[in-house]
file run-v8.txt (compact mmCIF, N, CA and C atoms)
# COMPACT_ATOMS: atom_id res chain seq x y z
N MET E 405 39.10 38.59 59.05
CA MET E 405 39.24 38.94 57.65
C MET E 405 38.52 37.90 56.80
N ASP E 406 37.86 38.35 55.77
CA ASP E 406 37.16 37.48 54.83
C ASP E 406 38.15 37.06 53.74
N LYS E 407 38.81 35.91 53.96
CA LYS E 407 39.85 35.45 53.04
C LYS E 407 39.28 35.14 51.66
N LYS E 408 38.07 34.60 51.60
CA LYS E 408 37.46 34.28 50.32
C LYS E 408 37.26 35.56 49.49
N GLN E 409 36.80 36.62 50.14
CA GLN E 409 36.59 37.88 49.44
C GLN E 409 37.92 38.50 49.01
N LEU E 410 38.92 38.44 49.90
CA LEU E 410 40.24 38.97 49.55
C LEU E 410 40.84 38.20 48.37
N THR E 411 40.63 36.91 48.35
CA THR E 411 41.11 36.10 47.23
C THR E 411 40.50 36.59 45.92
N LYS E 412 39.19 36.83 45.92
CA LYS E 412 38.54 37.36 44.72
C LYS E 412 39.14 38.70 44.32
N GLU E 413 39.35 39.56 45.29
CA GLU E 413 39.88 40.90 45.02
C GLU E 413 41.30 40.83 44.47
N LEU E 414 42.14 39.98 45.06
CA LEU E 414 43.52 39.85 44.59
C LEU E 414 43.58 39.24 43.20
N ARG E 415 42.74 38.27 42.94
CA ARG E 415 42.68 37.69 41.59
C ARG E 415 42.32 38.77 40.56
N ARG E 416 41.38 39.63 40.94
CA ARG E 416 40.98 40.73 40.06
C ARG E 416 42.11 41.75 39.91
N ASP E 417 42.71 42.17 41.03
CA ASP E 417 43.69 43.25 41.02
C ASP E 417 45.05 42.84 40.47
N GLU E 418 45.48 41.64 40.79
CA GLU E 418 46.78 41.16 40.34
C GLU E 418 46.71 40.48 38.98
N GLY E 419 45.55 39.90 38.69
CA GLY E 419 45.42 39.07 37.50
C GLY E 419 45.85 37.65 37.82
N VAL E 420 45.46 36.74 36.98
CA VAL E 420 45.79 35.33 37.14
C VAL E 420 46.55 34.89 35.90
N VAL E 421 47.80 34.51 36.08
CA VAL E 421 48.64 34.12 34.95
C VAL E 421 49.19 32.71 35.25
N PRO E 422 48.82 31.72 34.43
CA PRO E 422 49.19 30.33 34.71
C PRO E 422 50.58 29.93 34.22
N PHE E 423 51.48 30.88 34.12
CA PHE E 423 52.85 30.60 33.71
C PHE E 423 53.74 31.69 34.27
N ALA E 424 55.03 31.46 34.24
CA ALA E 424 55.99 32.48 34.71
C ALA E 424 56.00 33.65 33.75
N TYR E 425 56.01 34.83 34.32
CA TYR E 425 56.07 36.05 33.51
C TYR E 425 56.88 37.09 34.28
N GLN E 426 57.31 38.11 33.58
CA GLN E 426 58.01 39.21 34.24
C GLN E 426 57.01 40.33 34.52
N ASP E 427 56.97 40.76 35.78
CA ASP E 427 56.05 41.83 36.14
C ASP E 427 56.53 43.17 35.56
N HIS E 428 55.82 44.24 35.88
CA HIS E 428 56.15 45.54 35.29
C HIS E 428 57.53 46.06 35.70
N LEU E 429 58.13 45.46 36.73
CA LEU E 429 59.49 45.83 37.13
C LEU E 429 60.54 44.84 36.62
N GLY E 430 60.09 43.83 35.91
CA GLY E 430 61.01 42.86 35.33
C GLY E 430 61.33 41.68 36.24
N TYR E 431 60.55 41.49 37.32
CA TYR E 431 60.78 40.38 38.24
C TYR E 431 59.87 39.20 37.88
N TRP E 432 60.45 37.99 37.97
CA TRP E 432 59.70 36.78 37.62
C TRP E 432 58.62 36.52 38.66
N THR E 433 57.43 36.23 38.13
CA THR E 433 56.22 36.11 38.94
C THR E 433 55.39 34.96 38.34
N ILE E 434 54.53 34.36 39.15
CA ILE E 434 53.60 33.34 38.65
C ILE E 434 52.25 33.52 39.32
N GLY E 435 51.24 32.90 38.74
CA GLY E 435 49.93 32.82 39.39
C GLY E 435 49.29 34.17 39.62
N VAL E 436 48.99 34.47 40.87
CA VAL E 436 48.36 35.73 41.26
C VAL E 436 49.42 36.59 41.94
N GLY E 437 50.28 37.18 41.13
CA GLY E 437 51.29 38.09 41.65
C GLY E 437 52.31 37.46 42.57
N ARG E 438 52.56 36.15 42.45
CA ARG E 438 53.49 35.47 43.33
C ARG E 438 54.92 35.67 42.84
N LEU E 439 55.68 36.44 43.59
CA LEU E 439 57.07 36.70 43.24
C LEU E 439 57.90 35.43 43.42
N ILE E 440 58.57 35.02 42.36
CA ILE E 440 59.46 33.87 42.45
C ILE E 440 60.89 34.25 42.11
N ASP E 441 61.10 35.52 41.78
CA ASP E 441 62.43 35.98 41.37
C ASP E 441 63.37 36.01 42.56
N LYS E 442 64.42 35.23 42.47
CA LYS E 442 65.42 35.11 43.54
C LYS E 442 66.07 36.46 43.86
N ARG E 443 66.18 37.34 42.87
CA ARG E 443 66.81 38.65 43.09
C ARG E 443 66.05 39.48 44.12
N LYS E 444 64.77 39.20 44.30
CA LYS E 444 63.94 39.94 45.25
C LYS E 444 63.49 39.06 46.42
N GLY E 445 64.18 37.93 46.62
CA GLY E 445 63.84 37.05 47.74
C GLY E 445 62.66 36.14 47.48
N GLY E 446 62.23 36.04 46.24
CA GLY E 446 61.10 35.18 45.92
C GLY E 446 61.52 33.73 45.79
N GLY E 447 60.55 32.87 45.68
CA GLY E 447 60.80 31.45 45.52
C GLY E 447 59.62 30.65 46.00
N LEU E 448 59.82 29.36 46.11
CA LEU E 448 58.78 28.44 46.55
C LEU E 448 59.27 27.70 47.79
N SER E 449 58.35 27.42 48.68
CA SER E 449 58.69 26.60 49.86
C SER E 449 58.75 25.14 49.44
N ASP E 450 59.33 24.31 50.30
CA ASP E 450 59.37 22.87 50.01
C ASP E 450 57.95 22.31 49.88
N ALA E 451 57.04 22.78 50.71
CA ALA E 451 55.65 22.30 50.63
C ALA E 451 55.02 22.67 49.30
N GLU E 452 55.29 23.87 48.80
CA GLU E 452 54.75 24.29 47.51
C GLU E 452 55.36 23.48 46.38
N ILE E 453 56.64 23.23 46.46
CA ILE E 453 57.31 22.41 45.45
C ILE E 453 56.73 21.00 45.44
N ASP E 454 56.53 20.42 46.64
CA ASP E 454 55.95 19.09 46.72
C ASP E 454 54.53 19.05 46.18
N PHE E 455 53.75 20.10 46.44
CA PHE E 455 52.38 20.19 45.92
C PHE E 455 52.38 20.20 44.39
N LEU E 456 53.23 21.03 43.80
CA LEU E 456 53.33 21.09 42.34
C LEU E 456 53.80 19.76 41.77
N LEU E 457 54.81 19.17 42.39
CA LEU E 457 55.34 17.89 41.90
C LEU E 457 54.28 16.80 41.98
N SER E 458 53.54 16.75 43.07
CA SER E 458 52.48 15.74 43.21
C SER E 458 51.44 15.90 42.10
N ASN E 459 51.05 17.13 41.82
CA ASN E 459 50.09 17.36 40.74
C ASN E 459 50.68 16.94 39.39
N ASP E 460 51.96 17.23 39.17
CA ASP E 460 52.61 16.85 37.92
C ASP E 460 52.67 15.34 37.77
N ILE E 461 53.02 14.65 38.85
CA ILE E 461 53.08 13.18 38.81
C ILE E 461 51.70 12.61 38.46
N ASP E 462 50.67 13.13 39.11
CA ASP E 462 49.30 12.66 38.83
C ASP E 462 48.94 12.89 37.36
N ARG E 463 49.27 14.07 36.83
CA ARG E 463 48.94 14.40 35.45
C ARG E 463 49.67 13.48 34.48
N PHE E 464 50.97 13.26 34.72
CA PHE E 464 51.73 12.39 33.81
C PHE E 464 51.29 10.93 33.93
N GLU E 465 50.98 10.49 35.14
CA GLU E 465 50.52 9.10 35.25
C GLU E 465 49.20 8.91 34.50
N LYS E 466 48.30 9.88 34.59
CA LYS E 466 47.04 9.77 33.86
C LYS E 466 47.31 9.71 32.36
N GLN E 467 48.23 10.50 31.87
CA GLN E 467 48.56 10.47 30.45
C GLN E 467 49.11 9.11 30.04
N VAL E 468 49.97 8.53 30.89
CA VAL E 468 50.54 7.21 30.58
C VAL E 468 49.44 6.15 30.60
N ILE E 469 48.57 6.21 31.60
CA ILE E 469 47.45 5.25 31.69
C ILE E 469 46.58 5.34 30.44
N ASP E 470 46.27 6.57 30.04
CA ASP E 470 45.41 6.76 28.86
C ASP E 470 46.07 6.25 27.58
N ALA E 471 47.39 6.41 27.49
CA ALA E 471 48.11 6.03 26.26
C ALA E 471 48.48 4.55 26.21
N LEU E 472 48.72 3.96 27.38
CA LEU E 472 49.20 2.57 27.44
C LEU E 472 48.28 1.75 28.33
N PRO E 473 47.25 1.15 27.77
CA PRO E 473 46.26 0.43 28.58
C PRO E 473 46.86 -0.71 29.41
N TRP E 474 48.00 -1.24 29.00
CA TRP E 474 48.65 -2.34 29.70
C TRP E 474 49.49 -1.86 30.89
N TYR E 475 49.64 -0.58 31.05
CA TYR E 475 50.44 0.01 32.14
C TYR E 475 50.04 -0.55 33.51
N SER E 476 48.75 -0.71 33.73
CA SER E 476 48.27 -1.16 35.05
C SER E 476 48.72 -2.57 35.38
N ARG E 477 49.15 -3.36 34.40
CA ARG E 477 49.62 -4.72 34.66
C ARG E 477 51.08 -4.76 35.10
N LEU E 478 51.77 -3.63 34.99
CA LEU E 478 53.19 -3.58 35.39
C LEU E 478 53.32 -3.48 36.90
N ASP E 479 54.46 -3.92 37.41
CA ASP E 479 54.74 -3.73 38.83
C ASP E 479 55.04 -2.25 39.09
N ASP E 480 55.07 -1.90 40.36
CA ASP E 480 55.27 -0.51 40.78
C ASP E 480 56.56 0.09 40.22
N VAL E 481 57.64 -0.66 40.25
CA VAL E 481 58.93 -0.14 39.80
C VAL E 481 58.87 0.25 38.33
N ARG E 482 58.35 -0.62 37.50
CA ARG E 482 58.30 -0.34 36.06
C ARG E 482 57.28 0.75 35.73
N GLN E 483 56.21 0.85 36.50
CA GLN E 483 55.29 1.97 36.34
C GLN E 483 56.02 3.29 36.63
N ARG E 484 56.81 3.29 37.69
CA ARG E 484 57.56 4.50 38.03
C ARG E 484 58.53 4.89 36.93
N VAL E 485 59.15 3.90 36.30
CA VAL E 485 60.08 4.19 35.19
C VAL E 485 59.33 4.93 34.08
N LEU E 486 58.17 4.42 33.70
CA LEU E 486 57.43 5.03 32.60
C LEU E 486 56.96 6.45 32.94
N VAL E 487 56.48 6.65 34.15
CA VAL E 487 56.03 7.99 34.54
C VAL E 487 57.23 8.93 34.65
N ASN E 488 58.35 8.43 35.14
CA ASN E 488 59.57 9.23 35.21
C ASN E 488 59.98 9.68 33.80
N MET E 489 59.93 8.76 32.86
CA MET E 489 60.30 9.11 31.49
C MET E 489 59.30 10.09 30.88
N ALA E 490 58.01 9.90 31.14
CA ALA E 490 57.00 10.83 30.63
C ALA E 490 57.21 12.21 31.24
N PHE E 491 57.56 12.26 32.51
CA PHE E 491 57.84 13.53 33.18
C PHE E 491 58.99 14.25 32.48
N ASN E 492 60.01 13.50 32.13
CA ASN E 492 61.21 14.05 31.51
C ASN E 492 61.01 14.41 30.03
N LEU E 493 60.33 13.54 29.30
CA LEU E 493 60.22 13.67 27.84
C LEU E 493 58.89 14.24 27.36
N GLY E 494 57.91 14.28 28.25
CA GLY E 494 56.54 14.54 27.81
C GLY E 494 55.95 13.23 27.31
N ILE E 495 54.63 13.15 27.27
CA ILE E 495 54.01 11.90 26.86
C ILE E 495 54.34 11.58 25.40
N ALA E 496 54.41 12.59 24.54
CA ALA E 496 54.75 12.34 23.14
C ALA E 496 56.16 11.77 23.02
N GLY E 497 57.08 12.27 23.82
CA GLY E 497 58.44 11.76 23.80
C GLY E 497 58.50 10.31 24.25
N LEU E 498 57.79 10.00 25.33
CA LEU E 498 57.75 8.61 25.80
C LEU E 498 57.17 7.70 24.73
N LEU E 499 56.10 8.12 24.10
CA LEU E 499 55.44 7.29 23.09
C LEU E 499 56.30 7.11 21.85
N GLY E 500 57.32 7.92 21.69
CA GLY E 500 58.27 7.76 20.60
C GLY E 500 59.14 6.52 20.75
N PHE E 501 59.18 5.94 21.94
CA PHE E 501 59.95 4.71 22.21
C PHE E 501 59.10 3.50 21.82
N LYS E 502 58.64 3.45 20.59
CA LYS E 502 57.70 2.42 20.15
C LYS E 502 58.21 0.99 20.37
N ASN E 503 59.43 0.69 19.93
CA ASN E 503 59.97 -0.67 20.10
C ASN E 503 60.17 -1.00 21.57
N THR E 504 60.69 -0.05 22.32
CA THR E 504 60.91 -0.27 23.76
C THR E 504 59.59 -0.52 24.46
N LEU E 505 58.58 0.28 24.15
CA LEU E 505 57.27 0.09 24.78
C LEU E 505 56.66 -1.26 24.41
N ALA E 506 56.85 -1.68 23.17
CA ALA E 506 56.34 -3.00 22.75
C ALA E 506 57.03 -4.11 23.55
N MET E 507 58.33 -3.95 23.79
CA MET E 507 59.05 -4.95 24.60
C MET E 507 58.54 -4.95 26.04
N ILE E 508 58.28 -3.78 26.60
CA ILE E 508 57.76 -3.72 27.97
C ILE E 508 56.41 -4.41 28.03
N GLU E 509 55.56 -4.13 27.05
CA GLU E 509 54.22 -4.72 27.04
C GLU E 509 54.28 -6.24 27.04
N ARG E 510 55.24 -6.81 26.32
CA ARG E 510 55.32 -8.28 26.26
C ARG E 510 56.22 -8.87 27.34
N GLY E 511 56.75 -8.02 28.22
CA GLY E 511 57.54 -8.53 29.34
C GLY E 511 59.02 -8.72 29.06
N ASP E 512 59.50 -8.23 27.95
CA ASP E 512 60.93 -8.32 27.63
C ASP E 512 61.64 -7.11 28.23
N TYR E 513 61.85 -7.18 29.53
CA TYR E 513 62.39 -6.02 30.25
C TYR E 513 63.88 -5.80 29.96
N ALA E 514 64.61 -6.87 29.71
CA ALA E 514 66.03 -6.72 29.36
C ALA E 514 66.15 -6.03 28.00
N GLY E 515 65.34 -6.43 27.05
CA GLY E 515 65.35 -5.79 25.74
C GLY E 515 64.92 -4.33 25.83
N ALA E 516 63.92 -4.07 26.66
CA ALA E 516 63.46 -2.70 26.85
C ALA E 516 64.56 -1.83 27.44
N ALA E 517 65.27 -2.38 28.41
CA ALA E 517 66.37 -1.63 29.03
C ALA E 517 67.44 -1.29 28.00
N LYS E 518 67.75 -2.26 27.13
CA LYS E 518 68.73 -1.99 26.06
C LYS E 518 68.22 -0.91 25.13
N GLY E 519 66.95 -0.97 24.79
CA GLY E 519 66.36 0.05 23.93
C GLY E 519 66.44 1.43 24.56
N MET E 520 66.20 1.49 25.85
CA MET E 520 66.29 2.77 26.55
C MET E 520 67.71 3.32 26.46
N LEU E 521 68.69 2.44 26.67
CA LEU E 521 70.08 2.88 26.69
C LEU E 521 70.62 3.20 25.29
N ASN E 522 70.02 2.62 24.26
CA ASN E 522 70.46 2.88 22.89
C ASN E 522 69.66 4.01 22.26
N SER E 523 69.39 5.04 23.01
CA SER E 523 68.58 6.14 22.51
C SER E 523 69.31 7.47 22.67
N LYS E 524 68.89 8.43 21.90
CA LYS E 524 69.43 9.79 22.04
C LYS E 524 69.16 10.31 23.45
N TRP E 525 67.98 9.99 23.97
CA TRP E 525 67.59 10.39 25.32
C TRP E 525 68.65 9.95 26.34
N ALA E 526 69.13 8.71 26.23
CA ALA E 526 70.12 8.19 27.19
C ALA E 526 71.40 9.02 27.15
N THR E 527 71.80 9.45 25.96
CA THR E 527 73.02 10.26 25.89
C THR E 527 72.79 11.64 26.50
N GLN E 528 71.55 12.10 26.48
CA GLN E 528 71.23 13.43 27.03
C GLN E 528 71.12 13.42 28.54
N VAL E 529 70.58 12.35 29.12
CA VAL E 529 70.32 12.35 30.56
C VAL E 529 71.28 11.47 31.36
N GLY E 530 72.14 10.70 30.68
CA GLY E 530 73.21 9.96 31.34
C GLY E 530 72.78 9.04 32.46
N GLU E 531 73.16 9.39 33.68
CA GLU E 531 72.92 8.54 34.84
C GLU E 531 71.45 8.23 35.05
N ARG E 532 70.59 9.18 34.77
CA ARG E 532 69.16 8.94 34.91
C ARG E 532 68.74 7.77 34.02
N ALA E 533 69.18 7.76 32.78
CA ALA E 533 68.83 6.67 31.86
C ALA E 533 69.38 5.34 32.34
N ARG E 534 70.61 5.33 32.82
CA ARG E 534 71.21 4.08 33.32
C ARG E 534 70.42 3.56 34.52
N ARG E 535 70.06 4.45 35.43
CA ARG E 535 69.31 4.04 36.62
C ARG E 535 67.92 3.51 36.23
N LEU E 536 67.23 4.22 35.34
CA LEU E 536 65.89 3.78 34.93
C LEU E 536 65.94 2.48 34.13
N ALA E 537 66.96 2.31 33.32
CA ALA E 537 67.11 1.06 32.55
C ALA E 537 67.34 -0.11 33.50
N THR E 538 68.15 0.10 34.52
CA THR E 538 68.39 -0.96 35.51
C THR E 538 67.08 -1.30 36.23
N MET E 539 66.31 -0.28 36.59
CA MET E 539 65.02 -0.52 37.24
C MET E 539 64.09 -1.30 36.31
N MET E 540 64.10 -0.93 35.04
CA MET E 540 63.24 -1.62 34.07
C MET E 540 63.65 -3.09 33.95
N GLU E 541 64.95 -3.32 33.85
CA GLU E 541 65.41 -4.70 33.65
C GLU E 541 65.19 -5.57 34.88
N THR E 542 65.48 -5.04 36.06
CA THR E 542 65.47 -5.86 37.28
C THR E 542 64.17 -5.79 38.08
N GLY E 543 63.39 -4.73 37.86
CA GLY E 543 62.21 -4.53 38.69
C GLY E 543 62.56 -4.06 40.09
N LYS E 544 63.82 -3.62 40.26
CA LYS E 544 64.27 -3.13 41.58
C LYS E 544 64.79 -1.73 41.47
call {"tool": "encode", "arguments": {"input": "run-v8.txt", "output": "structure tokens"}}
result
Amino acid sequence: MDKKQLTKELRRDEGVVPFAYQDHLGYWTIGVGRLIDKRKGGGLSDAEIDFLLSNDIDRFEKQVIDALPWYSRLDDVRQRVLVNMAFNLGIAGLLGFKNTLAMIERGDYAGAAKGMLNSKWATQVGERARRLATMMETGK
């Protein structure tokens, strides 16, 4: 079978939709007719989820690098905190932490952790904020 040709044909016949949509029967679908609706046995494999997550991590890290030139000077743990927050809040949301980011840039990790915890975001995400603040403060 010519998989390349079939791919072209399916893209033409099914259409290419880069977001979740409901097909003509009302079932959730993505991409090229990929059924993800649990009611019909659809979904993603662990490998597909990992592929999407890896792409998302790369995209958010690039956004953080572009927005915060000093990011590359941070240790791995604190870099992960910032990308985790960007993943959760979007890059605009992360950049809204102006005072906290200024403290991180100058190495005041304890102050940054307090800033993280004294935010609306911390009340919304609870344990995630406490864990990330601890990582920011301790580097562990």
call {"tool": "residues_around", "arguments": {"input": "run-v8.txt", "residues": "region 423-425 of chain E", "least_positions_apart": "6", "cutoff": "7 Å", "atoms": "only C-alpha atoms", "output": "PyMOL selection string"}}
result
chain E and resi 432-435
call {"tool": "select_by_dssp", "arguments": {"input": "run-v8.txt", "residues": "chain E", "states": "alpha helix (DSSP H)", "output": "number ranges by chain"}}
result
E: 407-418, 450-471, 480-499, 502-509, 513-521, 524-529, 531-542
call {"tool": "closest_residue", "arguments": {"input": "run-v8.txt", "among": "E:Met405, E:Ala537, E:Val420, E:Ile495", "to": "Val468 (chain E)", "atoms": "all atoms listed in the file"}}
result
E:Ile495
call {"tool": "closest_residue", "arguments": {"input": "run-v8.txt", "among": "E:Gly445, E:Gln528, E:Phe455, E:Leu472", "to": "Leu493 (chain E)", "atoms": "only C-alpha atoms"}}
result
E:Gln528
call {"tool": "atom_distance", "arguments": {"input": "run-v8.txt", "atom1": "atom C of Arg510 (chain E)", "atom2": "atom C of Ala533 (chain E)"}}
result
20.0 Å
call {"tool": "select_by_dssp", "arguments": {"input": "run-v8.txt", "residues": "region 419-532 of chain E", "states": "strand (DSSP E or B)", "output": "count of residues only"}}
result
12
call {"tool": "atom_distance", "arguments": {"input": "run-v8.txt", "atom1": "CA of Asp450 (chain E)", "atom2": "atom N of Asp462 (chain E)"}}
result
17.0 Å
call {"tool": "residues_around", "arguments": {"input": "run-v8.txt", "residues": "Ala506 (chain E)", "least_positions_apart": "3", "cutoff": "12 Å", "atoms": "only C-alpha atoms", "output": "number ranges by chain"}}
result
E: 472, 474-475, 499-503, 509-513, 515-517, 519
call {"tool": "closest_residue", "arguments": {"input": "run-v8.txt", "among": "E:Leu505, E:Leu429, E:Arg415, E:Leu457", "to": "Pro473 (chain E)", "atoms": "only C-alpha atoms"}}
result
E:Leu505
call {"tool": "build_atoms", "arguments": {"input": "run-v8.txt", "residues": "region 446-456 of chain E", "atoms": "all heavy atoms", "output": "JSON list (two decimals), in the frame of the given file"}}
result
[["chain", "number", "residue", "atom", "x", "y", "z"],
["E", 446, "GLY", "N", 62.23, 36.04, 46.24],
["E", 446, "GLY", "CA", 61.10, 35.18, 45.92],
["E", 446, "GLY", "C", 61.52, 33.73, 45.79],
["E", 446, "GLY", "O", 62.71, 33.40, 45.79],
["E", 447, "GLY", "N", 60.55, 32.87, 45.68],
["E", 447, "GLY", "CA", 60.80, 31.45, 45.52],
["E", 447, "GLY", "C", 59.62, 30.65, 46.00],
["E", 447, "GLY", "O", 58.55, 31.18, 46.27],
["E", 448, "LEU", "N", 59.82, 29.36, 46.11],
["E", 448, "LEU", "CA", 58.78, 28.44, 46.55],
["E", 448, "LEU", "C", 59.27, 27.70, 47.79],
["E", 448, "LEU", "O", 60.45, 27.36, 47.89],
["E", 448, "LEU", "CB", 58.47, 27.42, 45.45],
["E", 448, "LEU", "CG", 57.95, 27.98, 44.13],
["E", 448, "LEU", "CD1", 57.86, 26.87, 43.09],
["E", 448, "LEU", "CD2", 56.60, 28.63, 44.31],
["E", 449, "SER", "N", 58.35, 27.42, 48.68],
["E", 449, "SER", "CA", 58.69, 26.60, 49.86],
["E", 449, "SER", "C", 58.75, 25.14, 49.44],
["E", 449, "SER", "O", 58.24, 24.75, 48.38],
["E", 449, "SER", "CB", 57.62, 26.78, 50.94],
["E", 449, "SER", "OG", 56.40, 26.18, 50.54],
["E", 450, "ASP", "N", 59.33, 24.31, 50.30],
["E", 450, "ASP", "CA", 59.37, 22.87, 50.01],
["E", 450, "ASP", "C", 57.95, 22.31, 49.88],
["E", 450, "ASP", "O", 57.69, 21.46, 49.02],
["E", 450, "ASP", "CB", 60.13, 22.11, 51.10],
["E", 450, "ASP", "CG", 61.64, 22.28, 50.99],
["E", 450, "ASP", "OD1", 62.12, 22.70, 49.91],
["E", 450, "ASP", "OD2", 62.33, 21.98, 51.97],
["E", 451, "ALA", "N", 57.04, 22.78, 50.71],
["E", 451, "ALA", "CA", 55.65, 22.30, 50.63],
["E", 451, "ALA", "C", 55.02, 22.67, 49.30],
["E", 451, "ALA", "O", 54.28, 21.87, 48.71],
["E", 451, "ALA", "CB", 54.83, 22.86, 51.79],
["E", 452, "GLU", "N", 55.29, 23.87, 48.80],
["E", 452, "GLU", "CA", 54.75, 24.29, 47.51],
["E", 452, "GLU", "C", 55.36, 23.48, 46.38],
["E", 452, "GLU", "O", 54.65, 23.06, 45.45],
["E", 452, "GLU", "CB", 55.00, 25.78, 47.30],
["E", 452, "GLU", "CG", 54.17, 26.64, 48.23],
["E", 452, "GLU", "CD", 54.65, 28.08, 48.33],
["E", 452, "GLU", "OE1", 55.87, 28.32, 48.20],
["E", 452, "GLU", "OE2", 53.79, 28.96, 48.54],
["E", 453, "ILE", "N", 56.64, 23.23, 46.46],
["E", 453, "ILE", "CA", 57.31, 22.41, 45.45],
["E", 453, "ILE", "C", 56.73, 21.00, 45.44],
["E", 453, "ILE", "O", 56.43, 20.45, 44.38],
["E", 453, "ILE", "CB", 58.83, 22.40, 45.69],
["E", 453, "ILE", "CG1", 59.41, 23.79, 45.40],
["E", 453, "ILE", "CG2", 59.52, 21.32, 44.84],
["E", 453, "ILE", "CD1", 60.83, 23.99, 45.89],
["E", 454, "ASP", "N", 56.53, 20.42, 46.64],
["E", 454, "ASP", "CA", 55.95, 19.09, 46.72],
["E", 454, "ASP", "C", 54.53, 19.05, 46.18],
["E", 454, "ASP", "O", 54.12, 18.07, 45.53],
["E", 454, "ASP", "CB", 55.98, 18.58, 48.17],
["E", 454, "ASP", "CG", 57.38, 18.23, 48.64],
["E", 454, "ASP", "OD1", 58.29, 18.09, 47.79],
["E", 454, "ASP", "OD2", 57.57, 18.12, 49.87],
["E", 455, "PHE", "N", 53.75, 20.10, 46.44],
["E", 455, "PHE", "CA", 52.38, 20.19, 45.92],
["E", 455, "PHE", "C", 52.38, 20.20, 44.39],
["E", 455, "PHE", "O", 51.64, 19.45, 43.75],
["E", 455, "PHE", "CB", 51.70, 21.45, 46.46],
["E", 455, "PHE", "CG", 50.32, 21.68, 45.93],
["E", 455, "PHE", "CD1", 49.23, 20.98, 46.44],
["E", 455, "PHE", "CD2", 50.10, 22.60, 44.92],
["E", 455, "PHE", "CE1", 47.96, 21.18, 45.95],
["E", 455, "PHE", "CE2", 48.82, 22.82, 44.42],
["E", 455, "PHE", "CZ", 47.75, 22.11, 44.93],
["E", 456, "LEU", "N", 53.23, 21.03, 43.80],
["E", 456, "LEU", "CA", 53.33, 21.09, 42.34],
["E", 456, "LEU", "C", 53.80, 19.76, 41.77],
["E", 456, "LEU", "O", 53.24, 19.27, 40.78],
["E", 456, "LEU", "CB", 54.29, 22.21, 41.92],
["E", 456, "LEU", "CG", 53.84, 23.64, 42.21],
["E", 456, "LEU", "CD1", 54.98, 24.62, 41.94],
["E", 456, "LEU", "CD2", 52.61, 23.99, 41.40]]
